[in-house]
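Data first, discussion second: the structure below is written as structure tokens.
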Amino acid sequence: MSKIIEGLKYSESHEWVKVEGNVAIVGVSDFAQKEMGDITYVDMPEEGDDVLAGEEFGALESVKAASDLISPVSGTVVAVNSALEDTPEAINEDAYANWIIKVEMSQPEELDALLDAAAYKALIKE
Amino acid sequence: MPHPYLPHTQADIQAMLEKIGVKTLDDLYADVPQACRKKGAYALPDAMSEQEIRDCFAALDAMNARLKVFVGQGAYDHYTPSVIPYLTQRSEFITAYTPYQCEISQGTLRYIFEYQSLICELTGLDVANASMYDGPTAAAEAVMMCTECVRKRNRVLLSATLLPHVLQVIQTYAKFHGVDITVVPAQDGQSSLGAIRAELSKEDVAGVVVPSLNRYGIVEDLTGFADTIHTAKALLVQYCDPSALAVVKTPGEWGADIAVGDGQPLGLPLCYGGPYVGFMAVKKDYMRKMPGRIVGQTADKEGRRAFVLTLQAREQHIKREKATSNICSNESLMALWVIIYLSLMGPEGLAEVNRISADGAHYLHDELLKTGKFQEVFPGKPFLKEFVLKPLEEAIALQHRLEAAGFFAALPTPEGYVSFCVTEKRSKEEIDQLVAAVKEG
């Protein structure tokens, strides 16, 4: 069973969002990391880049696949988790402790379109 | 009589048609509109016997002129040691297509790995791919890679001193990939840092492509290029003659991010244009954006040295439309040719090839000037095996005159110069004969 944390928001493309004020902290779900297998590389944007809800902001590469990262919200990247450059496997170890980007949201109402833990659990149907 | 290479008899074909429920072969094309179909028979000659084919090709071959080659312009008449064709034609190599179950083909992966290692050594960069189609297409791939590596920038600068066919192929690729290209004018026969700096100031440039040895044969001085280009957050791509890298500063030494070029000067015969082999090497920072395959070294479960295709997520077959490039093949047999050549020559041998070529070229250059039939174009600029002069007679007439005397020399350039090249294959006697032929006009 994949871990799902109450209180986070989830996207249908398996990113999670933790909201702190006007900043959205974005990572990928435990389900996503299990599906990907051993993650070997995280392609991330740079601080200051703009991201759009529903658009790709980077990619995950594993030994068997490559998958786009889709931003759940629109805004400006205010931080990237550069530790993932050297230790991308940290996402496999704990997908929720290892966020990927932090976004200063320009349209916080976009959060309303995301799933809560129960709805995400229903989506992945484990 | 049945055809020797087409095993199906009329009865076989009829049986297959019946099986799938059609009457004639034409019925298979029922979905093609009538207007698009060819009516009537093809005007093809009858099939020839083996003997007739041999005679036919021998007659075609006899039409080829046997000229002494004194021209380069991207393809160089260097010597091919005879062991290379012997080894590359071994059936293990020549019959093998791209290994789909790649790790079974340890021999193939091994030689590709060795090829990559030597390309890294020649270029002074960190990672090379398993080879590309040829130099110009490798350069075009490097241009697209620049726009992938540098976010939100879509313009690439090309030095006007790049070989004409390299410029053309890059422009063709760029047009259909939506990359903006600006050709930056040269200064005194070499890439102009001033002109490049002016373009960089617009802050939309992803990369700059300059040659190592340029279309005039000049060894380019790239002092300050890497710093200027990197300060502007763009990448420096160098187009190189890999043979010359044994004696001139490498892309690594110049601070280039990507090196590309054609492997042909590494012992591949001219062969009227191919097959050649492109190479690409990059700094480690950019290896995930590099097109093509990469072979890596690892250990199997018993700890033995083994080879695998690595970093495959970059590639077309996993990333598809997100990949930098859709190249999913390489010029493996020609890469093998290169690796055997480099193994035979070693650093000293390759340096000696350059020394002999340069001696011949400088001798020819000076002797041609003495004839009084040329003007110097770029006095004092350093060149290795290739140079241009301005002829006082019509360039094309000079070329034809020398051709009639048995030389492929004095290739006219778009600027109205003529280009000469001397490799280690040309003896002093041959050079003297060429000079004599020039004087006779």
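Here's how to read the names in the structure tokens: chain A, B, ... by the order shown, residue numbers from 1 in each chain, ligand numbers from 1 in the order shown.
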I'd like a table as a Markdown table: residues in chain A with an atom no more than 7 Å from chain B, each row giving the shortest atom pair and its distance in Å to one decimal, only C-alpha atoms counted, sorted by chain and rising residue number.
| residue | atom | partner | partner_atom | distance |
| --- | --- | --- | --- | --- |
| A:Glu61 | CA | B:Ala313 | CA | 6.1 |
| A:Ala65 | CA | B:Ala313 | CA | 6.0 |
| A:Ala66 | CA | B:Ala313 | CA | 5.6 |
Resulting file, chosen residues, C-alpha atoms, as a compact mmCIF listing (two decimals), in the first residue's frame:
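Listed below is the output, again38.txt:
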# COMPACT_ATOMS: atom_id res chain seq x y z
CA GLU A 61 14.12 9.56 -14.72
CA ALA A 65 11.19 5.20 -17.42
CA ALA A 66 11.11 8.96 -17.80
Per DSSP on the backbone, filter range 327-402 of chain B down to the residues in alpha helix (DSSP H) and report them as number ranges by chain.
B: 332-370, 395-402
Tell me, which residues of range 93-218 of chain B carry DSSP strand (DSSP E), written as a ChimeraX atom specification?
/B:127-128,155-159,180-184,186-187,190-191,205-211
Can you list, as a PDB file with C-alpha atoms, in the first residue's frame, every protein, DNA or RNA residue that comes within 8 Å of Glu104 in chain A when you count only C-alpha atoms, leaving out same-chain residues fewer than 4 positions away?
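Okay, result26.pdb is ready:
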ATOM      1  CA  ASN A  22       1.224  31.582  -0.220  1.00  0.00           C
ATOM      2  CA  VAL A  23       3.926  29.014  -0.997  1.00  0.00           C
ATOM      3  CA  ALA A  24       3.153  25.587  -2.452  1.00  0.00           C
ATOM      4  CA  GLY A  75       3.493  30.856  -9.915  1.00  0.00           C
ATOM      5  CA  THR A  76       7.194  31.482  -9.560  1.00  0.00           C
ATOM      6  CA  VAL A  77       9.741  28.916  -8.389  1.00  0.00           C
ATOM      7  CA  VAL A  78      11.261  30.282  -5.182  1.00  0.00           C
TER       8      VAL A  78
END
Near-Pro164 in chain B list (9 Å; only C-alpha atoms; drop same-chain fewer than 6 positions) as a ChimeraX atom specification
/B:73,215,413-414
List the neighbours of Gly7 in chain A out to 8 Å using only C-alpha atoms; skip same-chain residues closer than 5 positions along the sequence, and give me the result as a list in words.
Lys18, Asp116 and Ala117 of chain A
Serialized selection, N, CA and C atoms, as a short mmCIF file (atom, residue, chain, number, x, y, z; two decimals), in the first residue's frame:
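Once everything was written out, this is out-v8.cif:
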data_model
loop_
_atom_site.label_atom_id
_atom_site.label_comp_id
_atom_site.auth_asym_id
_atom_site.auth_seq_id
_atom_site.Cartn_x
_atom_site.Cartn_y
_atom_site.Cartn_z
N LYS A 18 2.02 20.78 -0.43
CA LYS A 18 1.83 21.20 0.95
C LYS A 18 1.81 22.73 0.93
N ASP A 116 -8.09 15.83 -2.35
CA ASP A 116 -7.65 15.61 -0.97
C ASP A 116 -7.21 14.15 -0.83
N ALA A 117 -6.73 13.80 0.36
CA ALA A 117 -6.14 12.46 0.55
C ALA A 117 -7.14 11.35 0.18
#
Can you measure CA of Lys233 in chain B to CA of Val209 in chain B for me? One decimal in Å is fine.
14.3 Å
Quick one, how far is CA of Met132 in chain B from CA of Ile258 in chain B?
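Between CA of Met132 in chain B and CA of Ile258 in chain B the gap is 14.0 Å.
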Find the distance between CA of Gln34 in chain B and CA of Gly21 in chain B and write it in Å to one decimal.
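Result for CA of Gln34 in chain B versus CA of Gly21 in chain B: 21.0 Å, one decimal.
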In terms of only C-alpha atoms, the residue from B:Leu125, B:Ile104, B:Ile181, B:Cys328 at minimal distance from Trp254 in chain B is B:Leu125
My list of candidates is A:Ala119, A:Ala90, A:Met36, A:Met105. Which is closest to Val63 in chain A when distances are computed with only C-alpha atoms?
A:Met36
Selection near Trp16 in chain A, 6 Å with only C-alpha atoms, sequence-local residues under 3 positions removed, as a list in words
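Listing them by chain and then by number gives Lys9, Tyr10, Val26, Gly27, Val28 and Ser29 of chain A.
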